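Before any comments, here is the structure.
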Amino acid sequence: MTSRNKDAQITMDDFLVGIWRENPVFVMLLGMCPVLAVTNSVVNSLAMGLATTFVLLGSSTLVSLLRNFIPKEVRIATYIIIIATFVTVVDYVIQAISLDLYNALGAFIQLIVVNCIILGRAESYASKNSMLKTFINSLGMGLGFCIALLCLGAVRELLGAGSLLGHPIFGPGFEPWVIMILPPGGFFVLGCWLLLFSWFKQSREHKNQHKTTAEVANHAG
Amino acid sequence: MNSSTSSTRLISTLGLVAAFSGFLIVFVFQSTKPRIDENKRIAIENAVFKVVPAGAITQRSYVLTDERLQTHGQGEDIYAAYDKNNQLIGIALSGAAQGYAGIINLLYGYNPRCECITGFKVIKMTETPGLGDKIIKDPAFLSNFQALEAKLNNDKNALNNEIVTVYHGKKTHPWQIDAISGATISSRAVGKAINTSARQVLPQLFSQLPSITQLDGKYDKQE
């Protein structure tokens with residue numbers, strides 16, 4: 001009874017958890033392959049993020065809808081079929097939108113099938129929660145993934161090509177740091193973001209700890 | 001958990017899910033196909049106008065099958081470009097070769113009047129940014145392709161001189177391509193892609209040229 005009650009309640013937290021506290025890239029460190037490979041420009045990051053979000057939304061909603069119907073013995077196989085279907089749909093849609101974009105993303109569109117964020121969501125969340133709740137949660141996760149990709153893509157395009165969304169920012173005198181567009185640049189920028197995040201987290205924890213010890217001391221006093 | 005689900009149930013679950021996904025994919029494939037084909041056609045068309053001399057306004061595509069030009073069929077794609085007087089001013093042909101990081105697919109322009117290559121455009125490549133991808137923007141390298149000689153021999157069955165890429169600064173003949181220093185492998189791949197295609201296609205194309213030198217609609221009506 002209590003579990004059903006809990007299930008019915010949809011809070012803002014279901015949505016926000018994917019963006020901040022359990023951000024798939026910066027906190028859970030999932031899906032590193034597309035994160036490092038296609039974030040060499042803002043457009044590529046955005047397209048990859050949106051494609052992944054679409055697949056995540058579609059597949060986890062469907063998995064959640066079928067969660068009482070899928071026998072547990074074949075659940076992983078079923079999830080993979082569902083995910084692969086949505087990936088194929090995205091693949092055709094991107095080809096229809098722009099061939100240049102399709103060529104830039106290369107094999108990484110097809111590789112969304114094995115993106116662990118999506119399979120992870122299906123297994124650990126969608127198979128246990130109601131459809132609406134799953135939808136909200138997946139939307140948050142997808143947006144979190146998009147934001148993370150954009151964080152990397154913006155820095156890499158700015159430094160590696162001196163532009164944002166293809167518009168030159170620094171003018172002709174700027175010598176691009178080509179390394180930022182190449183794979184090592186991806187690792188470097190990701191490392192910097194992770195450093196920033198863990199520094200932020202640590203300083204906040206430190207502050208909280210200070211506060212509690214101060215409170216304890218006050219009480220004792 | 002020793003109560004296992006019956007095999008029929010497992011099979012029917014997978015079967016139903018697979019059937020649903022098949023249906024969805026076919027639906028999306030059908031509805032996006034016209035757009036995708038249109039995108040591909042526009043991409044090729046733009047590339048053709050880039051590689052043939054300026055002034056081309058119309059183009060026709062042919063297929064070279066068994067040494068004959070046809071409007072449909074399997075074989076080498078030939079794109080003929082015509083100026084405003086409906087005269088043939090250039091032909092675009094496709095070529096491919098292994099570059100540094102993968103296959104380089106390109107389209108190159110051939111001018112039958114001067115028997116020379118008039119430009120090329122990369123359709124697809126995965127060369128290293130900043131190094132190998134200079135082949136599409138390095139001005140000195142691209143100037144090789146203003147009039148790269150591709151003359152046929154007297155018997156018209158082979159190239160007089162193979163098109164080759166030479167080391168940077170070693171170009172001495174009009175059929176040689178001066179490589180980009182630091183991107184020799186990618187430069188060589190461009191030369192190889194053009195040479196492989198030109199060596200095979202140009203002799204076959206030579207006898208067919210009179211049938212396409214003028215755009216009079218006659219050829220189109222045959223189909």
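Scheme for the structure tokens: letters A, B, ... for chains in order shown; per-chain residue numbers from 1; ligand numbers from 1 in order shown.
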Under the rule of at most 12 Å, produce a per-residue listing of chain B near chain A: chain, number, name, the closest pair of atoms, and the distance in Å, as a Markdown table, using only C-alpha atoms.
| residue | atom | partner | partner_atom | distance |
| --- | --- | --- | --- | --- |
| B:Met1 | CA | A:Lys72 | CA | 11.1 |
| B:Ser3 | CA | A:Glu73 | CA | 11.4 |
| B:Ser4 | CA | A:Glu73 | CA | 8.4 |
| B:Thr5 | CA | A:Pro71 | CA | 7.0 |
| B:Ser6 | CA | A:Pro71 | CA | 9.6 |
| B:Ser7 | CA | A:Glu73 | CA | 10.0 |
| B:Thr8 | CA | A:Pro71 | CA | 11.2 |
| B:Arg9 | CA | A:Pro71 | CA | 7.9 |
| B:Leu10 | CA | A:Val74 | CA | 6.6 |
| B:Ile11 | CA | A:Val74 | CA | 8.9 |
| B:Ser12 | CA | A:Ile70 | CA | 10.1 |
| B:Thr13 | CA | A:Ile70 | CA | 6.6 |
| B:Leu14 | CA | A:Thr78 | CA | 6.2 |
| B:Gly15 | CA | A:Thr78 | CA | 9.5 |
| B:Leu16 | CA | A:Thr78 | CA | 9.8 |
| B:Val17 | CA | A:Thr78 | CA | 6.9 |
| B:Ala18 | CA | A:Ile81 | CA | 6.7 |
| B:Ala19 | CA | A:Ile81 | CA | 10.2 |
| B:Phe20 | CA | A:Ile82 | CA | 9.0 |
| B:Ser21 | CA | A:Thr85 | CA | 5.5 |
| B:Gly22 | CA | A:Thr85 | CA | 7.7 |
| B:Phe23 | CA | A:Thr85 | CA | 9.7 |
| B:Leu24 | CA | A:Thr85 | CA | 7.5 |
| B:Ile25 | CA | A:Val89 | CA | 6.2 |
| B:Val26 | CA | A:Val89 | CA | 9.3 |
| B:Phe27 | CA | A:Val89 | CA | 9.2 |
| B:Val28 | CA | A:Val89 | CA | 6.2 |
| B:Phe29 | CA | A:Tyr92 | CA | 6.6 |
| B:Gln30 | CA | A:Tyr92 | CA | 9.8 |
| B:Ser31 | CA | A:Tyr92 | CA | 9.4 |
| B:Thr32 | CA | A:Ala96 | CA | 5.9 |
| B:Lys33 | CA | A:Ala96 | CA | 7.5 |
| B:Pro34 | CA | A:Ala96 | CA | 8.3 |
| B:Arg35 | CA | A:Ala96 | CA | 5.2 |
| B:Ile36 | CA | A:Ala96 | CA | 4.6 |
| B:Asp37 | CA | A:Ala96 | CA | 8.3 |
| B:Glu38 | CA | A:Ala96 | CA | 8.6 |
| B:Asn39 | CA | A:Leu99 | CA | 6.7 |
| B:Lys40 | CA | A:Leu99 | CA | 7.3 |
| B:Arg41 | CA | A:Leu99 | CA | 10.7 |
| B:Ile42 | CA | A:Leu99 | CA | 10.0 |
| B:Ala43 | CA | A:Leu99 | CA | 8.1 |
| B:Ile44 | CA | A:Leu99 | CA | 11.1 |
| B:Ile123 | CA | A:Asn103 | CA | 9.7 |
| B:Lys124 | CA | A:Asn103 | CA | 7.5 |
| B:Met125 | CA | A:Asn103 | CA | 9.0 |
| B:Thr126 | CA | A:Ala104 | CA | 9.1 |
| B:Glu127 | CA | A:Leu182 | CA | 11.1 |
| B:Thr128 | CA | A:Leu182 | CA | 7.9 |
| B:Pro129 | CA | A:Leu182 | CA | 7.2 |
| B:Gly130 | CA | A:Val178 | CA | 6.2 |
| B:Leu131 | CA | A:Val178 | CA | 9.3 |
| B:Asp133 | CA | A:Val178 | CA | 11.8 |
Original post:
Which polymer residues have any atom within 12 Å of an atom of Arg68 (chain B), counting only C-alpha atoms, with same-chain residues fewer than 5 positions away left out, as a PyMOL selection string?
Top reply: chain B and resi 62-63+73-78+201+203-212
For the selection you just gave me, I'd like the residues written to a file as a PDB file, in the first residue's frame, keeping N, CA and C atoms.
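Saved as selection.pdb:
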ATOM      1  N   TYR B  62      24.505  10.431 -65.609  1.00  0.00           N
ATOM      2  CA  TYR B  62      24.508   9.216 -66.438  1.00  0.00           C
ATOM      3  C   TYR B  62      25.193   8.113 -65.665  1.00  0.00           C
ATOM      4  N   VAL B  63      25.049   6.914 -66.166  1.00  0.00           N
ATOM      5  CA  VAL B  63      25.742   5.790 -65.575  1.00  0.00           C
ATOM      6  C   VAL B  63      26.537   5.104 -66.673  1.00  0.00           C
ATOM      7  N   GLY B  73      20.786   2.529 -64.381  1.00  0.00           N
ATOM      8  CA  GLY B  73      21.470   1.251 -64.324  1.00  0.00           C
ATOM      9  C   GLY B  73      22.566   1.241 -63.286  1.00  0.00           C
ATOM     10  N   GLN B  74      23.313   0.157 -63.282  1.00  0.00           N
ATOM     11  CA  GLN B  74      24.392  -0.004 -62.319  1.00  0.00           C
ATOM     12  C   GLN B  74      25.713   0.322 -62.984  1.00  0.00           C
ATOM     13  N   GLY B  75      26.568   1.014 -62.294  1.00  0.00           N
ATOM     14  CA  GLY B  75      27.885   1.306 -62.842  1.00  0.00           C
ATOM     15  C   GLY B  75      28.440   2.596 -62.286  1.00  0.00           C
ATOM     16  N   GLU B  76      29.434   3.136 -62.988  1.00  0.00           N
ATOM     17  CA  GLU B  76      30.094   4.358 -62.541  1.00  0.00           C
ATOM     18  C   GLU B  76      29.185   5.560 -62.793  1.00  0.00           C
ATOM     19  N   ASP B  77      28.982   6.398 -61.770  1.00  0.00           N
ATOM     20  CA  ASP B  77      28.147   7.591 -61.951  1.00  0.00           C
ATOM     21  C   ASP B  77      28.937   8.686 -62.648  1.00  0.00           C
ATOM     22  N   ILE B  78      28.329   9.280 -63.666  1.00  0.00           N
ATOM     23  CA  ILE B  78      28.948  10.374 -64.413  1.00  0.00           C
ATOM     24  C   ILE B  78      27.995  11.560 -64.335  1.00  0.00           C
ATOM     25  N   VAL B 201      38.021   5.191 -65.891  1.00  0.00           N
ATOM     26  CA  VAL B 201      36.807   5.742 -66.490  1.00  0.00           C
ATOM     27  C   VAL B 201      37.088   6.551 -67.763  1.00  0.00           C
ATOM     28  N   PRO B 203      39.256   6.515 -70.347  1.00  0.00           N
ATOM     29  CA  PRO B 203      39.330   5.859 -71.667  1.00  0.00           C
ATOM     30  C   PRO B 203      37.962   5.355 -72.136  1.00  0.00           C
ATOM     31  N   GLN B 204      37.158   4.833 -71.191  1.00  0.00           N
ATOM     32  CA  GLN B 204      35.819   4.349 -71.571  1.00  0.00           C
ATOM     33  C   GLN B 204      34.909   5.492 -71.959  1.00  0.00           C
ATOM     34  N   LEU B 205      35.121   6.619 -71.258  1.00  0.00           N
ATOM     35  CA  LEU B 205      34.248   7.756 -71.467  1.00  0.00           C
ATOM     36  C   LEU B 205      34.523   8.422 -72.812  1.00  0.00           C
ATOM     37  N   PHE B 206      35.794   8.298 -73.277  1.00  0.00           N
ATOM     38  CA  PHE B 206      36.209   9.051 -74.455  1.00  0.00           C
ATOM     39  C   PHE B 206      35.314   8.801 -75.668  1.00  0.00           C
ATOM     40  N   SER B 207      35.029   7.526 -75.943  1.00  0.00           N
ATOM     41  CA  SER B 207      34.221   7.212 -77.123  1.00  0.00           C
ATOM     42  C   SER B 207      32.771   7.656 -76.959  1.00  0.00           C
ATOM     43  N   GLN B 208      32.342   7.846 -75.707  1.00  0.00           N
ATOM     44  CA  GLN B 208      30.955   8.209 -75.456  1.00  0.00           C
ATOM     45  C   GLN B 208      30.730   9.725 -75.429  1.00  0.00           C
ATOM     46  N   LEU B 209      31.852  10.462 -75.385  1.00  0.00           N
ATOM     47  CA  LEU B 209      31.722  11.911 -75.230  1.00  0.00           C
ATOM     48  C   LEU B 209      30.829  12.597 -76.260  1.00  0.00           C
ATOM     49  N   PRO B 210      30.950  12.249 -77.571  1.00  0.00           N
ATOM     50  CA  PRO B 210      30.131  12.961 -78.560  1.00  0.00           C
ATOM     51  C   PRO B 210      28.639  12.909 -78.245  1.00  0.00           C
ATOM     52  N   SER B 211      28.209  11.841 -77.606  1.00  0.00           N
ATOM     53  CA  SER B 211      26.767  11.716 -77.348  1.00  0.00           C
ATOM     54  C   SER B 211      26.273  12.653 -76.260  1.00  0.00           C
ATOM     55  N   ILE B 212      27.201  13.237 -75.489  1.00  0.00           N
ATOM     56  CA  ILE B 212      26.723  14.115 -74.419  1.00  0.00           C
ATOM     57  C   ILE B 212      27.278  15.537 -74.524  1.00  0.00           C
TER      58      ILE B 212
END
**OP:** Just the residues within 9 Å of Gly58 (chain A), please, counting only C-alpha atoms, with nothing from its chain fewer than 3 positions along; format it as a ChimeraX atom specification.
**Re:** /A:53-55,61-63,82-83,86,135
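For region 173-183 of chain B, the set of protein, DNA and RNA residues having any atom at most 7 Å away, when counting only C-alpha atoms and skipping those fewer than 3 positions along the same chain, is B:Leu131, B:Gly132, B:Phe141, B:Asn144, B:Leu148, B:Glu149, B:Ala150, B:Asn161, B:Ile163, B:Val164, B:Thr165, B:Val166, B:Tyr167, B:His168, B:Gly169, B:Lys170, B:Ser186, B:Ser187, B:Arg188, B:Gly191.
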Selection above as a file: N, CA, C and O atoms, as a PDB file, in the first residue's frame:
ATOM      1  N   LEU B 131      45.320  18.612 -39.460  1.00  0.00           N
ATOM      2  CA  LEU B 131      46.435  18.053 -40.237  1.00  0.00           C
ATOM      3  C   LEU B 131      45.917  17.549 -41.584  1.00  0.00           C
ATOM      4  O   LEU B 131      46.031  18.212 -42.594  1.00  0.00           O
ATOM      5  N   GLY B 132      45.295  16.356 -41.546  1.00  0.00           N
ATOM      6  CA  GLY B 132      44.838  15.748 -42.798  1.00  0.00           C
ATOM      7  C   GLY B 132      43.732  16.531 -43.476  1.00  0.00           C
ATOM      8  O   GLY B 132      43.615  16.528 -44.694  1.00  0.00           O
ATOM      9  N   PHE B 141      47.619  23.719 -51.972  1.00  0.00           N
ATOM     10  CA  PHE B 141      47.287  22.366 -52.420  1.00  0.00           C
ATOM     11  C   PHE B 141      46.157  22.408 -53.444  1.00  0.00           C
ATOM     12  O   PHE B 141      46.217  21.746 -54.473  1.00  0.00           O
ATOM     13  N   ASN B 144      46.778  23.052 -57.148  1.00  0.00           N
ATOM     14  CA  ASN B 144      47.183  21.936 -58.009  1.00  0.00           C
ATOM     15  C   ASN B 144      46.071  21.521 -58.962  1.00  0.00           C
ATOM     16  O   ASN B 144      46.313  20.938 -60.011  1.00  0.00           O
ATOM     17  N   LEU B 148      44.932  20.220 -63.676  1.00  0.00           N
ATOM     18  CA  LEU B 148      45.790  19.045 -63.504  1.00  0.00           C
ATOM     19  C   LEU B 148      45.648  18.158 -64.742  1.00  0.00           C
ATOM     20  O   LEU B 148      44.550  17.720 -65.067  1.00  0.00           O
ATOM     21  N   GLU B 149      46.781  17.926 -65.413  1.00  0.00           N
ATOM     22  CA  GLU B 149      46.709  17.228 -66.700  1.00  0.00           C
ATOM     23  C   GLU B 149      46.262  15.776 -66.541  1.00  0.00           C
ATOM     24  O   GLU B 149      46.726  15.064 -65.663  1.00  0.00           O
ATOM     25  N   ALA B 150      45.311  15.367 -67.387  1.00  0.00           N
ATOM     26  CA  ALA B 150      44.858  13.970 -67.400  1.00  0.00           C
ATOM     27  C   ALA B 150      44.644  13.556 -68.850  1.00  0.00           C
ATOM     28  O   ALA B 150      43.568  13.119 -69.239  1.00  0.00           O
ATOM     29  N   ASN B 161      49.984   9.973 -68.730  1.00  0.00           N
ATOM     30  CA  ASN B 161      50.799   9.970 -67.519  1.00  0.00           C
ATOM     31  C   ASN B 161      49.878   9.724 -66.334  1.00  0.00           C
ATOM     32  O   ASN B 161      48.831  10.338 -66.225  1.00  0.00           O
ATOM     33  N   ILE B 163      48.446  10.146 -62.745  1.00  0.00           N
ATOM     34  CA  ILE B 163      48.404  11.290 -61.840  1.00  0.00           C
ATOM     35  C   ILE B 163      49.012  10.860 -60.509  1.00  0.00           C
ATOM     36  O   ILE B 163      48.560   9.885 -59.901  1.00  0.00           O
ATOM     37  N   VAL B 164      50.059  11.543 -60.091  1.00  0.00           N
ATOM     38  CA  VAL B 164      50.716  11.140 -58.856  1.00  0.00           C
ATOM     39  C   VAL B 164      50.898  12.336 -57.922  1.00  0.00           C
ATOM     40  O   VAL B 164      51.008  13.472 -58.359  1.00  0.00           O
ATOM     41  N   THR B 165      50.916  12.022 -56.644  1.00  0.00           N
ATOM     42  CA  THR B 165      51.228  13.047 -55.648  1.00  0.00           C
ATOM     43  C   THR B 165      52.717  12.949 -55.331  1.00  0.00           C
ATOM     44  O   THR B 165      53.221  11.856 -55.071  1.00  0.00           O
ATOM     45  N   VAL B 166      53.393  14.090 -55.386  1.00  0.00           N
ATOM     46  CA  VAL B 166      54.829  14.086 -55.077  1.00  0.00           C
ATOM     47  C   VAL B 166      55.047  14.872 -53.783  1.00  0.00           C
ATOM     48  O   VAL B 166      54.179  15.619 -53.342  1.00  0.00           O
ATOM     49  N   TYR B 167      56.227  14.670 -53.178  1.00  0.00           N
ATOM     50  CA  TYR B 167      56.512  15.387 -51.928  1.00  0.00           C
ATOM     51  C   TYR B 167      56.428  16.886 -52.128  1.00  0.00           C
ATOM     52  O   TYR B 167      56.645  17.384 -53.232  1.00  0.00           O
ATOM     53  N   HIS B 168      56.158  17.572 -51.035  1.00  0.00           N
ATOM     54  CA  HIS B 168      56.000  19.024 -51.069  1.00  0.00           C
ATOM     55  C   HIS B 168      57.213  19.691 -51.737  1.00  0.00           C
ATOM     56  O   HIS B 168      58.358  19.437 -51.356  1.00  0.00           O
ATOM     57  N   GLY B 169      56.943  20.497 -52.755  1.00  0.00           N
ATOM     58  CA  GLY B 169      58.012  21.240 -53.415  1.00  0.00           C
ATOM     59  C   GLY B 169      58.730  20.479 -54.517  1.00  0.00           C
ATOM     60  O   GLY B 169      59.697  20.967 -55.087  1.00  0.00           O
ATOM     61  N   LYS B 170      58.264  19.237 -54.827  1.00  0.00           N
ATOM     62  CA  LYS B 170      58.948  18.433 -55.839  1.00  0.00           C
ATOM     63  C   LYS B 170      58.156  18.376 -57.140  1.00  0.00           C
ATOM     64  O   LYS B 170      58.486  17.590 -58.029  1.00  0.00           O
ATOM     65  N   SER B 186      47.349  12.041 -46.550  1.00  0.00           N
ATOM     66  CA  SER B 186      46.046  12.502 -47.027  1.00  0.00           C
ATOM     67  C   SER B 186      46.153  13.063 -48.436  1.00  0.00           C
ATOM     68  O   SER B 186      45.290  12.829 -49.285  1.00  0.00           O
ATOM     69  N   SER B 187      47.230  13.825 -48.726  1.00  0.00           N
ATOM     70  CA  SER B 187      47.419  14.380 -50.064  1.00  0.00           C
ATOM     71  C   SER B 187      47.561  13.264 -51.087  1.00  0.00           C
ATOM     72  O   SER B 187      46.987  13.311 -52.173  1.00  0.00           O
ATOM     73  N   ARG B 188      48.325  12.238 -50.695  1.00  0.00           N
ATOM     74  CA  ARG B 188      48.529  11.116 -51.605  1.00  0.00           C
ATOM     75  C   ARG B 188      47.219  10.399 -51.882  1.00  0.00           C
ATOM     76  O   ARG B 188      46.975   9.945 -52.996  1.00  0.00           O
ATOM     77  N   GLY B 191      45.329  12.116 -54.616  1.00  0.00           N
ATOM     78  CA  GLY B 191      45.911  11.778 -55.913  1.00  0.00           C
ATOM     79  C   GLY B 191      45.534  10.375 -56.339  1.00  0.00           C
ATOM     80  O   GLY B 191      45.146  10.138 -57.481  1.00  0.00           O
TER      81      GLY B 191
END
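Our summary of the geometry notes that CA of Ile194 (chain B) is positioned 8.8 Å from CA of Leu93 (chain B).
Remark: for Gly119 (chain B), the closest of the candidate residues B:Lys137, B:Lys50, B:Arg60, B:Arg199 is B:Lys50 (distances computed over only C-alpha atoms).
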Original post:
Got a sec to tell me which of region 8-218 of chain A DSSP assigns to helix (DSSP H, G or I), as a ChimeraX atom specification?
Top reply: /A:8,12-19,32-37,42-65,72-97,99-108,110-114,116-126,131-161,178-180,183-218
**OP:** Considering only C-alpha atoms, return as a PyMOL selection string whatever protein or nucleic-acid residues lie within 6 Å of region 145-159 of chain A, sequence-local ones (same chain, fewer than 5 positions apart) excluded.
**Re:** chain A and resi 39-42+45+49+164+177+180
Keeping C-alpha atoms for every residue in the selection just given, could you write it to a file as a PDB file, in the first residue's frame?
ATOM      1  CA  THR A  39      31.547  16.945 -28.218  1.00  0.00           C
ATOM      2  CA  ASN A  40      33.966  18.718 -30.572  1.00  0.00           C
ATOM      3  CA  SER A  41      31.364  21.342 -31.458  1.00  0.00           C
ATOM      4  CA  VAL A  42      28.182  22.756 -29.973  1.00  0.00           C
ATOM      5  CA  SER A  45      26.827  17.983 -28.831  1.00  0.00           C
ATOM      6  CA  GLY A  49      22.190  15.056 -26.612  1.00  0.00           C
ATOM      7  CA  LEU A 164      30.426  29.069 -31.018  1.00  0.00           C
ATOM      8  CA  TRP A 177      44.019  25.114 -30.065  1.00  0.00           C
ATOM      9  CA  MET A 180      40.821  20.680 -28.043  1.00  0.00           C
TER      10      MET A 180
END
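Here CA of Met48 (chain A) and CA of Arg121 (chain A) stand 17.8 Å from one another.
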Subject >> Met141 (chain A) surroundings by only C-alpha atoms, 8 Å radius, close-in-sequence under 3 positions cut, as a PyMOL selection string >> reply: chain A and resi 15+17-19+23-24+53+137-138+144-145
If you keep all heavy atoms, can you produce a file of those selected residues as a PDB file, in the first residue's frame?
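Wrote it out as selection_14.pdb, contents follow:
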ATOM      1  N   PHE A  15      12.369  14.871 -11.483  1.00  0.00           N
ATOM      2  CA  PHE A  15      12.853  15.552 -12.677  1.00  0.00           C
ATOM      3  C   PHE A  15      14.261  16.088 -12.461  1.00  0.00           C
ATOM      4  O   PHE A  15      15.144  15.921 -13.289  1.00  0.00           O
ATOM      5  CB  PHE A  15      11.885  16.690 -13.016  1.00  0.00           C
ATOM      6  CG  PHE A  15      12.288  17.515 -14.182  1.00  0.00           C
ATOM      7  CD1 PHE A  15      12.341  16.964 -15.464  1.00  0.00           C
ATOM      8  CD2 PHE A  15      12.628  18.847 -14.020  1.00  0.00           C
ATOM      9  CE1 PHE A  15      12.716  17.733 -16.542  1.00  0.00           C
ATOM     10  CE2 PHE A  15      13.009  19.617 -15.101  1.00  0.00           C
ATOM     11  CZ  PHE A  15      13.048  19.054 -16.357  1.00  0.00           C
ATOM     12  N   VAL A  17      16.570  15.236 -10.322  1.00  0.00           N
ATOM     13  CA  VAL A  17      17.632  14.334  -9.891  1.00  0.00           C
ATOM     14  C   VAL A  17      18.625  14.045 -11.030  1.00  0.00           C
ATOM     15  O   VAL A  17      19.827  13.984 -10.828  1.00  0.00           O
ATOM     16  CB  VAL A  17      17.020  13.044  -9.294  1.00  0.00           C
ATOM     17  CG1 VAL A  17      16.493  12.139 -10.372  1.00  0.00           C
ATOM     18  CG2 VAL A  17      18.014  12.325  -8.429  1.00  0.00           C
ATOM     19  N   GLY A  18      18.099  13.922 -12.248  1.00  0.00           N
ATOM     20  CA  GLY A  18      18.971  13.629 -13.384  1.00  0.00           C
ATOM     21  C   GLY A  18      19.805  14.811 -13.808  1.00  0.00           C
ATOM     22  O   GLY A  18      20.871  14.667 -14.389  1.00  0.00           O
ATOM     23  N   ILE A  19      19.280  16.009 -13.549  1.00  0.00           N
ATOM     24  CA  ILE A  19      20.025  17.189 -13.977  1.00  0.00           C
ATOM     25  C   ILE A  19      21.173  17.483 -13.027  1.00  0.00           C
ATOM     26  O   ILE A  19      22.270  17.842 -13.441  1.00  0.00           O
ATOM     27  CB  ILE A  19      19.068  18.406 -14.078  1.00  0.00           C
ATOM     28  CG1 ILE A  19      18.049  18.132 -15.182  1.00  0.00           C
ATOM     29  CG2 ILE A  19      19.824  19.684 -14.349  1.00  0.00           C
ATOM     30  CD1 ILE A  19      17.063  19.242 -15.389  1.00  0.00           C
ATOM     31  N   ASN A  23      23.456  13.477 -12.079  1.00  0.00           N
ATOM     32  CA  ASN A  23      23.770  13.785 -13.484  1.00  0.00           C
ATOM     33  C   ASN A  23      24.531  12.627 -14.123  1.00  0.00           C
ATOM     34  O   ASN A  23      25.556  12.190 -13.602  1.00  0.00           O
ATOM     35  CB  ASN A  23      24.607  15.065 -13.550  1.00  0.00           C
ATOM     36  CG  ASN A  23      24.836  15.519 -14.981  1.00  0.00           C
ATOM     37  OD1 ASN A  23      25.449  14.812 -15.757  1.00  0.00           O
ATOM     38  ND2 ASN A  23      24.319  16.674 -15.320  1.00  0.00           N
ATOM     39  N   PRO A  24      24.008  12.098 -15.253  1.00  0.00           N
ATOM     40  CA  PRO A  24      24.605  10.884 -15.819  1.00  0.00           C
ATOM     41  C   PRO A  24      26.090  11.030 -16.165  1.00  0.00           C
ATOM     42  O   PRO A  24      26.833  10.065 -16.076  1.00  0.00           O
ATOM     43  CB  PRO A  24      23.768  10.609 -17.069  1.00  0.00           C
ATOM     44  CG  PRO A  24      22.947  11.820 -17.296  1.00  0.00           C
ATOM     45  CD  PRO A  24      22.823  12.524 -15.992  1.00  0.00           C
ATOM     46  N   THR A  53      18.375  11.819 -25.701  1.00  0.00           N
ATOM     47  CA  THR A  53      17.193  12.105 -24.878  1.00  0.00           C
ATOM     48  C   THR A  53      15.949  11.479 -25.479  1.00  0.00           C
ATOM     49  O   THR A  53      15.137  10.881 -24.773  1.00  0.00           O
ATOM     50  CB  THR A  53      16.990  13.626 -24.749  1.00  0.00           C
ATOM     51  OG1 THR A  53      18.199  14.198 -24.275  1.00  0.00           O
ATOM     52  CG2 THR A  53      15.874  13.949 -23.787  1.00  0.00           C
ATOM     53  N   ASN A 137      11.337  11.312 -15.013  1.00  0.00           N
ATOM     54  CA  ASN A 137      12.708  11.024 -14.622  1.00  0.00           C
ATOM     55  C   ASN A 137      13.637  10.970 -15.836  1.00  0.00           C
ATOM     56  O   ASN A 137      14.736  11.523 -15.823  1.00  0.00           O
ATOM     57  CB  ASN A 137      12.738   9.694 -13.855  1.00  0.00           C
ATOM     58  CG  ASN A 137      14.138   9.323 -13.409  1.00  0.00           C
ATOM     59  OD1 ASN A 137      14.847   8.631 -14.113  1.00  0.00           O
ATOM     60  ND2 ASN A 137      14.533   9.807 -12.245  1.00  0.00           N
ATOM     61  N   SER A 138      13.156  10.305 -16.912  1.00  0.00           N
ATOM     62  CA  SER A 138      13.984  10.187 -18.115  1.00  0.00           C
ATOM     63  C   SER A 138      14.217  11.547 -18.743  1.00  0.00           C
ATOM     64  O   SER A 138      15.295  11.826 -19.266  1.00  0.00           O
ATOM     65  CB  SER A 138      13.321   9.277 -19.141  1.00  0.00           C
ATOM     66  OG  SER A 138      13.079   8.033 -18.586  1.00  0.00           O
ATOM     67  N   GLY A 144      19.925  16.385 -18.369  1.00  0.00           N
ATOM     68  CA  GLY A 144      21.218  16.388 -17.686  1.00  0.00           C
ATOM     69  C   GLY A 144      22.334  15.987 -18.618  1.00  0.00           C
ATOM     70  O   GLY A 144      23.415  16.592 -18.635  1.00  0.00           O
ATOM     71  N   PHE A 145      22.061  14.975 -19.439  1.00  0.00           N
ATOM     72  CA  PHE A 145      23.051  14.508 -20.413  1.00  0.00           C
ATOM     73  C   PHE A 145      23.321  15.595 -21.451  1.00  0.00           C
ATOM     74  O   PHE A 145      24.474  15.876 -21.794  1.00  0.00           O
ATOM     75  CB  PHE A 145      22.528  13.228 -21.078  1.00  0.00           C
ATOM     76  CG  PHE A 145      23.519  12.529 -21.971  1.00  0.00           C
ATOM     77  CD1 PHE A 145      24.666  11.971 -21.440  1.00  0.00           C
ATOM     78  CD2 PHE A 145      23.293  12.433 -23.334  1.00  0.00           C
ATOM     79  CE1 PHE A 145      25.576  11.326 -22.259  1.00  0.00           C
ATOM     80  CE2 PHE A 145      24.197  11.791 -24.154  1.00  0.00           C
ATOM     81  CZ  PHE A 145      25.339  11.235 -23.615  1.00  0.00           C
TER      82      PHE A 145
END
Original post:
as number ranges by chain, which residues of region 19-179 of chain B does DSSP assign to strand (DSSP E or B)?
Top reply: B: 58-65, 68-70, 76-82, 87-98, 103-111, 116-124, 148-149, 152, 159, 164-166, 176-178
Original post:
Between CA of Asn153 (chain B) and CA of Leu69 (chain B), what is the spacing in Å?
Top reply: 21.6 Å
